[in-house]
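As stored in upload03.cif (mmCIF, C-alpha atoms):
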data_start
#
loop_
_atom_site.label_atom_id
_atom_site.label_comp_id
_atom_site.auth_asym_id
_atom_site.auth_seq_id
_atom_site.Cartn_x
_atom_site.Cartn_y
_atom_site.Cartn_z
CA MET U 1 -17.02 -19.00 21.91
CA LYS U 2 -13.38 -18.55 22.90
CA PRO U 3 -12.48 -16.44 25.97
CA HIS U 4 -10.63 -13.95 23.76
CA THR U 5 -12.37 -12.65 20.67
CA LEU U 6 -11.26 -10.24 17.99
CA LYS U 7 -13.29 -8.17 15.58
CA ILE U 8 -11.61 -7.97 12.17
CA GLY U 9 -12.82 -5.74 9.35
CA VAL U 10 -12.67 -6.86 5.73
CA LEU U 11 -12.47 -3.89 3.37
CA GLY U 12 -11.84 -3.28 -0.31
CA PRO U 13 -13.33 -1.81 -3.46
CA TYR U 14 -16.33 -3.25 -5.27
CA GLY U 15 -15.76 -6.78 -6.54
CA ALA U 16 -12.47 -7.35 -4.71
CA GLY U 17 -13.69 -10.57 -3.04
CA LYS U 18 -14.74 -9.49 0.47
CA THR U 19 -17.99 -11.48 0.66
CA THR U 20 -16.24 -14.57 -0.76
CA LEU U 21 -13.45 -14.25 1.82
CA VAL U 22 -15.88 -14.01 4.76
CA ARG U 23 -17.77 -17.05 3.45
CA THR U 24 -14.55 -19.02 2.93
CA LEU U 25 -13.28 -18.33 6.44
CA SER U 26 -16.48 -18.53 8.46
CA THR U 27 -17.25 -21.74 10.26
CA ILE U 28 -20.86 -20.68 10.82
CA PRO U 29 -23.27 -19.86 7.99
CA ALA U 30 -22.12 -16.35 6.96
CA VAL U 31 -24.62 -13.52 7.05
CA SER U 32 -24.73 -11.34 3.96
CA THR U 33 -26.77 -8.30 3.00
CA GLU U 34 -26.77 -8.42 -0.75
CA ALA U 35 -28.82 -6.61 -3.33
CA PRO U 36 -28.82 -6.84 -7.13
CA SER U 37 -25.81 -4.95 -8.46
CA SER U 38 -26.25 -2.10 -10.89
CA GLU U 39 -22.55 -2.23 -11.75
CA GLY U 40 -20.88 -4.72 -14.04
CA GLY U 41 -18.93 -7.83 -13.13
CA LYS U 42 -21.26 -9.58 -10.71
CA ALA U 43 -24.95 -10.14 -10.02
CA THR U 44 -25.15 -8.94 -6.41
CA THR U 45 -23.31 -6.55 -4.12
CA THR U 46 -23.05 -6.04 -0.35
CA VAL U 47 -25.08 -3.06 0.82
CA ALA U 48 -24.55 -3.15 4.59
CA LEU U 49 -22.23 -5.86 5.85
CA ASP U 50 -21.13 -9.48 5.74
CA TYR U 51 -20.63 -11.36 8.97
CA GLY U 52 -18.79 -14.57 9.74
CA TYR U 53 -17.16 -16.22 12.73
CA LEU U 54 -14.40 -18.76 13.24
CA ASP U 55 -12.40 -20.20 16.09
CA PHE U 56 -8.79 -19.49 15.36
CA GLY U 57 -6.30 -21.06 17.72
CA SER U 58 -6.82 -19.51 21.12
CA VAL U 59 -9.04 -16.70 19.82
CA GLY U 60 -12.47 -16.37 18.28
CA VAL U 61 -12.56 -14.10 15.25
CA HIS U 62 -15.61 -12.11 14.23
CA LEU U 63 -15.30 -11.05 10.60
CA PHE U 64 -17.14 -7.98 9.37
CA GLY U 65 -17.14 -7.33 5.63
CA THR U 66 -17.98 -3.82 4.43
CA PRO U 67 -19.59 -2.55 1.21
CA GLY U 68 -17.06 -1.71 -1.49
CA GLN U 69 -18.55 1.35 -3.16
CA ALA U 70 -17.17 4.72 -2.10
CA ARG U 71 -20.72 6.03 -1.63
CA PHE U 72 -21.13 3.64 1.31
CA HIS U 73 -18.07 5.02 3.07
CA ASP U 74 -20.13 6.25 6.03
CA VAL U 75 -21.16 2.66 6.71
CA LEU U 76 -17.52 1.87 7.55
CA ASP U 77 -17.61 3.90 10.76
CA VAL U 78 -20.54 1.85 11.98
CA VAL U 79 -19.50 -1.62 10.80
CA LEU U 80 -15.89 -1.24 11.88
CA GLN U 81 -16.54 0.24 15.31
CA GLY U 82 -14.40 -1.72 17.77
CA ALA U 83 -12.46 -3.58 15.08
CA LEU U 84 -8.96 -4.54 16.18
CA GLY U 85 -7.51 -5.27 12.76
CA ALA U 86 -8.34 -4.97 9.07
CA LEU U 87 -7.80 -6.96 5.94
CA ILE U 88 -7.94 -4.74 2.87
CA LEU U 89 -8.47 -6.50 -0.45
CA VAL U 90 -7.14 -5.10 -3.70
CA ARG U 91 -7.73 -6.49 -7.18
CA ALA U 92 -4.37 -6.97 -8.88
CA ASP U 93 -6.01 -6.80 -12.32
CA ARG U 94 -7.81 -3.47 -11.73
CA PRO U 95 -5.29 -0.66 -11.12
CA SER U 96 -8.10 1.89 -11.30
CA ASP U 97 -9.01 0.71 -7.76
CA LEU U 98 -5.65 1.70 -6.28
CA PRO U 99 -6.58 5.27 -5.25
CA ARG U 100 -9.63 3.86 -3.43
CA VAL U 101 -7.50 1.17 -1.77
CA ARG U 102 -5.08 3.86 -0.62
CA GLU U 103 -7.97 5.83 0.85
CA LEU U 104 -9.18 2.73 2.73
CA ARG U 105 -5.65 1.96 3.95
CA ASP U 106 -5.25 5.55 5.14
CA TYR U 107 -8.63 5.35 6.90
CA VAL U 108 -7.61 2.16 8.70
CA ALA U 109 -4.17 3.49 9.61
CA SER U 110 -5.18 7.01 10.63
CA VAL U 111 -8.78 6.80 11.83
CA LEU U 112 -9.14 3.27 13.17
CA GLU U 113 -5.44 3.08 14.08
CA VAL U 114 -5.36 -0.70 14.00
CA PRO U 115 -2.95 -3.19 12.37
CA TYR U 116 -3.82 -4.17 8.79
CA LEU U 117 -2.74 -6.28 5.86
CA LEU U 118 -3.43 -5.90 2.17
CA GLY U 119 -4.57 -8.95 0.23
CA ALA U 120 -4.00 -8.93 -3.53
CA THR U 121 -6.79 -10.85 -5.27
CA HIS U 122 -7.39 -11.89 -8.90
CA LEU U 123 -3.72 -12.74 -9.34
CA ASP U 124 -4.75 -15.50 -11.73
CA LYS U 125 -5.58 -12.87 -14.37
CA GLU U 126 -3.10 -12.54 -17.24
CA ARG U 127 -2.83 -8.73 -17.02
CA ARG U 128 -2.17 -7.86 -13.42
CA TRP U 129 0.14 -5.94 -11.09
CA GLU U 130 2.42 -8.01 -8.86
CA THR U 131 2.21 -7.64 -5.09
CA ALA U 132 5.57 -5.79 -5.01
CA GLU U 133 4.26 -3.23 -7.52
CA ILE U 134 1.07 -2.71 -5.51
CA ALA U 135 3.20 -2.20 -2.40
CA LEU U 136 5.40 0.29 -4.23
CA PHE U 137 2.43 2.29 -5.50
CA LEU U 138 0.80 2.39 -2.08
CA LYS U 139 4.16 3.13 -0.40
CA GLU U 140 3.57 0.09 1.72
CA ARG U 141 5.97 -2.48 3.15
CA GLU U 142 6.16 -5.44 0.78
CA ASP U 143 5.45 -7.93 3.56
CA ARG U 144 2.12 -6.18 4.21
CA VAL U 145 0.80 -7.11 0.73
CA LEU U 146 -0.06 -10.81 0.51
CA ARG U 147 -1.22 -13.00 -2.34
CA LEU U 148 -4.78 -13.89 -1.43
CA ASP U 149 -7.29 -15.89 -3.41
CA PRO U 150 -10.48 -15.46 -1.32
CA ARG U 151 -11.79 -18.82 -2.59
CA ASP U 152 -8.76 -20.68 -1.25
CA SER U 153 -9.25 -21.50 2.42
CA GLY U 154 -5.52 -22.21 2.92
CA GLN U 155 -4.47 -18.78 1.64
CA ALA U 156 -7.34 -17.11 3.48
CA ARG U 157 -6.40 -18.74 6.79
CA ARG U 158 -2.71 -17.89 6.34
CA ALA U 159 -3.58 -14.24 5.74
CA LEU U 160 -5.83 -14.18 8.78
CA ALA U 161 -3.16 -15.88 10.90
CA ARG U 162 -0.64 -13.18 9.93
CA LEU U 163 -3.14 -10.45 10.75
CA VAL U 164 -4.09 -11.99 14.10
CA GLU U 165 -0.37 -12.18 14.89
CA LEU U 166 -0.03 -8.45 14.10
CA VAL U 167 -3.08 -7.59 16.18
CA CYS U 168 -1.72 -9.53 19.14
CA GLU U 169 1.83 -8.15 18.79
CA GLU U 170 1.34 -4.58 17.56
CA GLY U 171 -2.21 -3.90 18.67
CA GLY U 172 -1.45 -4.75 22.29
CA VAL U 173 -4.38 -7.17 22.40
CA ARG U 174 -4.38 -10.11 24.80
CA CYS U 175 -4.76 -13.23 22.69
CA ARG U 176 -3.78 -15.95 25.15
CA MET Q 1 5.27 -8.09 -16.03
CA ALA Q 2 4.38 -4.57 -17.16
CA ILE Q 3 2.55 -2.10 -14.96
CA PHE Q 4 -0.51 -0.83 -16.79
CA GLY Q 5 -3.67 1.19 -16.35
CA ARG Q 6 -5.75 4.15 -17.49
CA ILE Q 7 -4.05 7.53 -17.14
CA GLU Q 8 -7.26 9.19 -15.95
CA ASP Q 9 -7.68 6.65 -13.13
CA LEU Q 10 -4.38 7.39 -11.41
CA GLY Q 11 -3.48 10.80 -12.85
CA LEU Q 12 -0.44 11.43 -15.02
CA ALA Q 13 1.60 13.11 -12.27
CA GLU Q 14 1.07 10.11 -10.00
CA VAL Q 15 1.96 7.65 -12.76
CA LEU Q 16 5.20 9.55 -13.42
CA ALA Q 17 6.11 9.74 -9.74
CA PHE Q 18 5.43 6.04 -9.30
CA VAL Q 19 7.37 4.73 -12.29
CA ALA Q 20 10.33 7.05 -11.67
CA GLN Q 21 11.37 4.84 -8.76
CA ARG Q 22 12.79 2.26 -11.19
CA PRO Q 23 14.46 2.33 -14.62
CA GLY Q 24 12.25 1.40 -17.53
CA ARG Q 25 10.16 2.52 -20.48
CA LEU Q 26 6.86 4.33 -19.87
CA THR Q 27 4.49 4.27 -22.83
CA LEU Q 28 1.51 6.64 -22.91
CA ARG Q 29 -1.17 6.16 -25.56
CA ASP Q 30 -3.95 8.62 -26.22
CA ALA Q 31 -6.09 9.55 -29.20
CA SER Q 32 -3.29 11.63 -30.73
CA GLY Q 33 -0.48 9.09 -30.60
CA THR Q 34 2.08 7.16 -28.58
CA LEU Q 35 4.59 8.86 -26.33
CA SER Q 36 7.52 6.88 -24.87
CA LEU Q 37 9.66 8.03 -21.95
CA LEU Q 38 12.86 6.22 -21.07
CA ILE Q 39 13.45 6.61 -17.37
CA GLY Q 40 16.48 5.92 -15.20
CA GLY Q 41 17.91 7.28 -11.97
CA GLY Q 42 14.77 9.35 -11.30
CA ARG Q 43 15.20 11.24 -14.61
CA VAL Q 44 13.62 11.09 -18.02
CA ARG Q 45 16.67 10.19 -20.13
CA CYS Q 46 14.91 10.73 -23.46
CA ALA Q 47 11.45 10.70 -25.01
CA PHE Q 48 9.86 9.86 -28.35
CA LEU Q 49 6.62 10.78 -30.04
CA GLY Q 50 6.08 7.73 -32.20
CA LEU Q 51 9.65 7.21 -33.38
CA ASP Q 52 10.69 10.88 -33.33
CA PRO Q 53 12.89 12.01 -30.42
CA LEU Q 54 11.51 14.97 -28.45
CA ASP Q 55 13.30 17.82 -26.72
CA ALA Q 56 12.43 18.73 -23.12
CA GLY Q 57 10.10 21.60 -24.05
CA SER Q 58 8.12 19.54 -26.54
CA LEU Q 59 7.84 16.72 -24.02
CA ILE Q 60 6.35 18.99 -21.34
CA LEU Q 61 3.87 20.50 -23.81
CA ARG Q 62 2.88 17.07 -25.11
CA LEU Q 63 2.43 15.64 -21.60
CA ALA Q 64 0.33 18.62 -20.55
CA SER Q 65 -2.20 17.86 -23.26
CA ILE Q 66 -2.82 14.26 -22.16
CA ARG Q 67 -6.11 13.89 -20.34
CA ASP Q 68 -6.93 10.23 -20.81
CA GLY Q 69 -5.53 7.13 -22.41
CA GLU Q 70 -3.50 4.10 -21.41
CA PHE Q 71 -0.13 3.76 -19.78
CA GLU Q 72 2.25 0.85 -19.57
CA PHE Q 73 5.59 0.67 -17.79
CA ALA Q 74 8.12 -2.01 -18.64
CA PRO Q 75 10.92 -2.08 -16.05
CA GLY Q 76 14.44 -2.58 -17.38
CA ALA Q 77 17.66 -0.78 -18.31
CA THR Q 78 17.20 2.09 -20.77
CA ASP Q 79 20.68 3.60 -21.14
CA ASP Q 80 21.41 2.25 -24.62
CA ALA Q 81 18.23 3.42 -26.29
CA CYS Q 82 18.65 7.22 -26.19
CA PRO Q 83 19.88 8.96 -29.34
CA ARG Q 84 19.03 12.41 -27.94
CA ARG Q 85 19.28 12.81 -24.19
CA ILE Q 86 17.13 15.32 -22.34
CA GLU Q 87 17.83 14.26 -18.74
CA ILE Q 88 14.99 15.98 -16.88
CA PRO Q 89 14.48 14.97 -13.23
CA VAL Q 90 11.00 13.48 -12.97
CA ASP Q 91 10.08 15.64 -9.97
CA ARG Q 92 10.89 18.77 -12.02
CA LEU Q 93 8.90 17.42 -14.93
CA ILE Q 94 5.89 16.88 -12.66
CA LEU Q 95 6.17 20.44 -11.33
CA GLU Q 96 6.43 21.93 -14.83
CA LEU Q 97 3.58 19.79 -16.05
CA THR Q 98 1.28 20.71 -13.18
CA LYS Q 99 2.11 24.40 -13.60
CA LEU Q 100 1.43 24.32 -17.31
CA GLN Q 101 -1.86 22.45 -16.91
CA ASP Q 102 -3.02 24.93 -14.26
CA GLU Q 103 -2.08 27.90 -16.43
CA LEU Q 104 -3.78 26.44 -19.47
CA GLU Q 105 -7.02 25.80 -17.56
CA HIS Q 106 -6.90 29.27 -15.99
CA HIS Q 107 -6.47 31.05 -19.31
CA ARG Q 108 -8.58 28.73 -21.47
CA PRO Q 109 -11.51 31.19 -21.93
CA ARG Q 110 -9.05 33.81 -23.22
CA LEU Q 111 -7.02 31.67 -25.62
CA PRO Q 112 -7.08 32.96 -29.21
CA ASN Q 113 -9.32 31.35 -31.82
CA PRO Q 114 -7.31 28.71 -33.74
CA ALA Q 115 -7.92 30.53 -37.05
CA ILE Q 116 -6.57 33.96 -36.01
CA ARG Q 117 -3.20 34.60 -37.62
CA PHE Q 118 -0.34 36.23 -35.74
CA ARG Q 119 3.03 37.53 -36.79
CA LEU Q 120 6.24 38.28 -34.95
CA VAL Q 121 6.76 41.96 -34.16
CA ARG Q 122 9.83 41.77 -31.89
CA ASP Q 123 13.05 39.81 -31.74
CA PRO Q 124 12.33 36.88 -29.35
CA SER Q 125 15.93 35.68 -28.93
CA ALA Q 126 16.24 36.93 -25.35
CA LEU Q 127 13.32 34.68 -24.32
CA THR Q 128 14.11 31.46 -26.18
CA SER Q 129 15.34 29.66 -23.08
CA ALA Q 130 12.26 30.66 -21.06
CA ILE Q 131 9.58 29.51 -23.50
CA PRO Q 132 9.63 25.98 -24.90
CA LEU Q 133 9.67 25.79 -28.72
CA LEU Q 134 10.04 29.55 -29.10
CA ALA Q 135 12.86 29.30 -31.63
CA GLN Q 136 10.86 27.03 -33.96
CA THR Q 137 7.68 29.05 -33.42
CA ALA Q 138 9.41 32.34 -34.19
CA GLU Q 139 10.55 31.00 -37.54
CA LEU Q 140 6.96 30.24 -38.55
CA LEU Q 141 5.59 33.46 -37.08
CA GLU Q 142 7.92 35.63 -39.13
CA LYS Q 143 5.66 34.95 -42.12
CA GLY Q 144 2.51 34.76 -40.02
CA ALA Q 145 0.72 31.69 -38.66
CA ASN Q 146 -2.32 30.71 -36.64
CA ALA Q 147 -2.62 28.17 -33.82
CA ARG Q 148 -3.87 25.48 -36.18
CA GLU Q 149 -0.83 25.86 -38.42
CA LEU Q 150 1.58 25.91 -35.45
CA SER Q 151 -0.08 22.81 -34.11
CA GLU Q 152 0.40 20.96 -37.40
CA ARG Q 153 3.93 22.17 -38.12
CA LEU Q 154 5.30 21.68 -34.60
CA GLY Q 155 3.33 18.53 -33.73
CA LEU Q 156 1.75 20.35 -30.80
CA PRO Q 157 -1.73 19.76 -29.39
CA LEU Q 158 -3.99 22.61 -30.60
CA ASP Q 159 -4.66 23.98 -27.10
CA GLN Q 160 -0.92 24.20 -26.44
CA ALA Q 161 -0.41 26.11 -29.69
CA ARG Q 162 -3.21 28.51 -28.68
CA TYR Q 163 -1.63 28.94 -25.25
CA LEU Q 164 1.78 29.58 -26.78
CA LEU Q 165 0.32 32.37 -28.96
CA PHE Q 166 -1.52 33.74 -25.92
CA ARG Q 167 1.77 33.98 -23.99
CA LEU Q 168 3.66 35.51 -26.90
CA ARG Q 169 0.94 38.14 -27.31
CA LEU Q 170 1.04 38.95 -23.58
CA MET Q 171 4.77 39.53 -23.90
CA GLY Q 172 4.28 41.74 -26.91
CA LEU Q 173 6.20 39.44 -29.23
CA VAL Q 174 3.34 38.86 -31.67
CA GLU Q 175 0.31 40.75 -32.98
CA GLU Q 176 -2.70 39.49 -34.83
CA ILE Q 177 -2.67 40.13 -38.58
CA ARG Q 178 -5.65 42.31 -39.38
CA GLY Q 179 -7.38 42.26 -42.76
CA ALA Q 180 -5.73 39.00 -43.65
CA ARG Q 181 -8.62 37.89 -45.86
CA ARG Q 182 -8.59 41.12 -47.85
CA ALA Q 183 -4.86 40.86 -48.31
CA GLN Q 184 -5.40 37.36 -49.68
CA GLY Q 185 -7.64 38.75 -52.49
CA ALA Q 186 -11.11 38.72 -50.94
CA GLY Q 187 -11.67 42.21 -52.46
CA SER Q 188 -13.41 45.35 -51.24
CA VAL Q 189 -16.60 45.50 -49.17
CA LEU Q 190 -18.51 46.67 -52.28
CA GLY Q 191 -17.09 43.87 -54.37
CA ARG Q 192 -18.04 41.26 -51.74
CA LEU Q 193 -21.56 42.77 -51.48
CA LEU Q 194 -22.06 42.63 -55.25
CA ARG Q 195 -20.84 39.04 -55.40
CA ALA Q 196 -23.19 38.09 -52.56
CA LEU Q 197 -26.17 39.71 -54.37
CA ALA Q 198 -25.25 37.82 -57.51
CA GLY Q 199 -25.42 34.59 -55.48
CA GLY Q 200 -21.68 33.98 -55.42
CA THR Q 201 -19.51 33.23 -52.45
CA ARG Q 202 -18.61 35.97 -50.04
#

Could you quickly redo this structure as structure tokens?
Amino acid sequence: MKPHTLKIGVLGPYGAGKTTLVRTLSTIPAVSTEAPSSEGGKATTTVALDYGYLDFGSVGVHLFGTPGQARFHDVLDVVLQGALGALILVRADRPSDLPRVRELRDYVASVLEVPYLLGATHLDKERRWETAEIALFLKEREDRVLRLDPRDSGQARRALARLVELVCEEGGVRCR
Amino acid sequence: MAIFGRIEDLGLAEVLAFVAQRPGRLTLRDASGTLSLLIGGGRVRCAFLGLDPLDAGSLILRLASIRDGEFEFAPGATDDACPRRIEIPVDRLILELTKLQDELEHHRPRLPNPAIRFRLVRDPSALTSAIPLLAQTAELLEKGANARELSERLGLPLDQARYLLFRLRLMGLVEEIRGARRAQGAGSVLGRLLRALAGGTR
């Protein structure tokens, strides 16, 4: 373990790619709490949390993924306790998720009060919103909405690097 | 790339507020048809139901009846495509729309049955600027009309036609036509009773 460690939350609606992102980034076998999904689109869903860890430059990063369904919102308080930053995933092909994403963003910004980034996933779909449009809808700075394919370790690491930078600069956290 | 989604997921007011930030064409599709709004400079420049241009009053009434359906917004210049300009600021449109939807929901249990016929009993000209479509409605109501007929003739959703009659009645501009069936030749009570006993229609 590195001398400085950060806890980062990974949030987003159902099926946005949170579990995949934690698995892509983690350098240890990721821990998942999955159960068969009763909703469409995928076979299983996270019911408590996902956990992964990676050494990232001078810091160790603990990744905590949260369940996506709104009914598990209370779990966020527990899983994200002590988190220093958050990555919020949003499916670019499912605009119906945007109100939920806004609620999660507002929760992170107002309740957790930690730096965050939004990662737009499923950008390979033909019908999709662009990152600038997502930013406009959420009244968010465009540079806070990144293209992020959770299966692509390069994109995932770049997004995490940007977030760690924000946490160290804006969050007043000692990273070196 | 167009911005798209379900109206019920984001809410019509939010869709309007969002797309008004850029010029473009907003298309709304629901079970009753396709409504297009050409937007620029934070205003609705003009609107069409299918291919027919709409005035501001008709647009507000039509928007207020949309509960679900699809929307699509194609950004781009719209100035050349408006044969009949209405130029409503989008924020005002949202306010009017929200007000109308609230009023409609509040009064829904008291809206008149779509079959009840009304006729004009007072000159409405002093109120034509305050009530959308009043001039066209008054013309039909001079002879007598019900909500269903107004809906068909004015291209209005039925609930909006019922609400319009409700408001006109509150203001004392219209009254229901009583005995309309008899006047149309249904005959006396005795005659109807005899026909019923003989197995005919009422």

- Close residues, segment 55-63 of chain U itself excluded, 9 Å, only C-alpha atoms, min 5 positions apart in chain, as an MDAnalysis selection string: chainID U and resid 1:10 22 25:27 50 157 160:161 164 175:176

Atoms to include: C-alpha atoms. Write the selected residues as a PDB file, in the coordinates of the input.
ATOM      1  CA  MET U   1     -17.020 -19.000  21.910  1.00  0.00           C
ATOM      2  CA  LYS U   2     -13.380 -18.550  22.900  1.00  0.00           C
ATOM      3  CA  PRO U   3     -12.480 -16.440  25.970  1.00  0.00           C
ATOM      4  CA  HIS U   4     -10.630 -13.950  23.760  1.00  0.00           C
ATOM      5  CA  THR U   5     -12.370 -12.650  20.670  1.00  0.00           C
ATOM      6  CA  LEU U   6     -11.260 -10.240  17.990  1.00  0.00           C
ATOM      7  CA  LYS U   7     -13.290  -8.170  15.580  1.00  0.00           C
ATOM      8  CA  ILE U   8     -11.610  -7.970  12.170  1.00  0.00           C
ATOM      9  CA  GLY U   9     -12.820  -5.740   9.350  1.00  0.00           C
ATOM     10  CA  VAL U  10     -12.670  -6.860   5.730  1.00  0.00           C
ATOM     11  CA  VAL U  22     -15.880 -14.010   4.760  1.00  0.00           C
ATOM     12  CA  LEU U  25     -13.280 -18.330   6.440  1.00  0.00           C
ATOM     13  CA  SER U  26     -16.480 -18.530   8.460  1.00  0.00           C
ATOM     14  CA  THR U  27     -17.250 -21.740  10.260  1.00  0.00           C
ATOM     15  CA  ASP U  50     -21.130  -9.480   5.740  1.00  0.00           C
ATOM     16  CA  ARG U 157      -6.400 -18.740   6.790  1.00  0.00           C
ATOM     17  CA  LEU U 160      -5.830 -14.180   8.780  1.00  0.00           C
ATOM     18  CA  ALA U 161      -3.160 -15.880  10.900  1.00  0.00           C
ATOM     19  CA  VAL U 164      -4.090 -11.990  14.100  1.00  0.00           C
ATOM     20  CA  CYS U 175      -4.760 -13.230  22.690  1.00  0.00           C
ATOM     21  CA  ARG U 176      -3.780 -15.950  25.150  1.00  0.00           C
TER      22      ARG U 176
END

- Note on the structure: One decimal place gives the atom CA of Phe48 of chain Q-atom CA of Ile86 of chain Q separation as 10.9 Å

Within 9 Å of Leu117 of chain U, counting only C-alpha atoms, which residues show up once you throw out same-chain ones fewer than 2 positions away? Write them as a tab-separated table (two decimals) with C-alpha atoms, in the coordinates of the input, please.
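Result went into result_13.tsv, see below:
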chain	number	residue	atom	x	y	z
U	85	GLY	CA	-7.51	-5.27	12.76
U	86	ALA	CA	-8.34	-4.97	9.07
U	87	LEU	CA	-7.80	-6.96	5.94
U	88	ILE	CA	-7.94	-4.74	2.87
U	89	LEU	CA	-8.47	-6.50	-0.45
U	105	ARG	CA	-5.65	1.96	3.95
U	115	PRO	CA	-2.95	-3.19	12.37
U	119	GLY	CA	-4.57	-8.95	0.23
U	143	ASP	CA	5.45	-7.93	3.56
U	144	ARG	CA	2.12	-6.18	4.21
U	145	VAL	CA	0.80	-7.11	0.73
U	146	LEU	CA	-0.06	-10.81	0.51
U	159	ALA	CA	-3.58	-14.24	5.74
U	160	LEU	CA	-5.83	-14.18	8.78
U	162	ARG	CA	-0.64	-13.18	9.93
U	163	LEU	CA	-3.14	-10.45	10.75
U	166	LEU	CA	-0.03	-8.45	14.10

- Residues near Glu72 of chain Q, cut-off 10 Å, only C-alpha atoms, skip fewer than 6 positions along chain, as a list of chain:residue names: Q:Ala2, Q:Ile3, Q:Phe4, Q:Gly5, Q:Arg6, Q:Ile7, Q:Val15, Q:Val19, Q:Arg25, Q:Leu26, Q:Thr27, Q:Leu28, Q:Arg29, Q:Ser36

- Rank Q:Ile88, Q:Leu38, Q:Ala74, Q:Ala147 by their smallest atom-to-atom distance to chain U, using all atoms listed in the file, and report the top residue only.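 Of Q:Ile88, Q:Leu38, Q:Ala74, Q:Ala147, the one nearest chain U, counting all atoms listed in the file, is Q:Ala74.
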
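For the pair atom CA of Arg178 of chain Q and atom CA of Pro132 of chain Q, the interatomic distance is 26.6 Å.
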
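Between Thr131 of chain U and the candidates U:Arg100, U:His73, U:Arg147, U:Arg91, the tightest atom-to-atom separation, counting all atoms listed in the file, involves U:Arg147.
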
Could I get the residues of chain U with an atom no further than 10 Å from an atom of chain Q, each paired with its nearest atom pair and that distance in Å to one decimal, using all atoms listed in the file, sorted by chain and residue number, as JSON lines?
{"residue": "U:Asp93", "atom": "CA", "partner": "Q:Gly5", "partner_atom": "CA", "distance": 9.2}
{"residue": "U:Arg94", "atom": "CA", "partner": "Q:Gly5", "partner_atom": "CA", "distance": 7.8}
{"residue": "U:Pro95", "atom": "CA", "partner": "Q:Gly5", "partner_atom": "CA", "distance": 5.8}
{"residue": "U:Ser96", "atom": "CA", "partner": "Q:Asp9", "partner_atom": "CA", "distance": 5.1}
{"residue": "U:Asp97", "atom": "CA", "partner": "Q:Asp9", "partner_atom": "CA", "distance": 8.1}
{"residue": "U:Leu98", "atom": "CA", "partner": "Q:Leu10", "partner_atom": "CA", "distance": 7.8}
{"residue": "U:Pro99", "atom": "CA", "partner": "Q:Leu10", "partner_atom": "CA", "distance": 6.9}
{"residue": "U:Glu126", "atom": "CA", "partner": "Q:Met1", "partner_atom": "CA", "distance": 9.6}
{"residue": "U:Arg127", "atom": "CA", "partner": "Q:Met1", "partner_atom": "CA", "distance": 8.2}
{"residue": "U:Arg128", "atom": "CA", "partner": "Q:Ile3", "partner_atom": "CA", "distance": 7.6}
{"residue": "U:Trp129", "atom": "CA", "partner": "Q:Ile3", "partner_atom": "CA", "distance": 6.0}
{"residue": "U:Glu130", "atom": "CA", "partner": "Q:Met1", "partner_atom": "CA", "distance": 7.7}
{"residue": "U:Glu133", "atom": "CA", "partner": "Q:Ile3", "partner_atom": "CA", "distance": 7.7}
{"residue": "U:Ile134", "atom": "CA", "partner": "Q:Ile3", "partner_atom": "CA", "distance": 9.6}
{"residue": "U:Leu136", "atom": "CA", "partner": "Q:Phe18", "partner_atom": "CA", "distance": 7.7}
{"residue": "U:Phe137", "atom": "CA", "partner": "Q:Phe18", "partner_atom": "CA", "distance": 6.1}
{"residue": "U:Leu138", "atom": "CA", "partner": "Q:Phe18", "partner_atom": "CA", "distance": 9.3}
{"residue": "U:Lys139", "atom": "CA", "partner": "Q:Phe18", "partner_atom": "CA", "distance": 9.4}
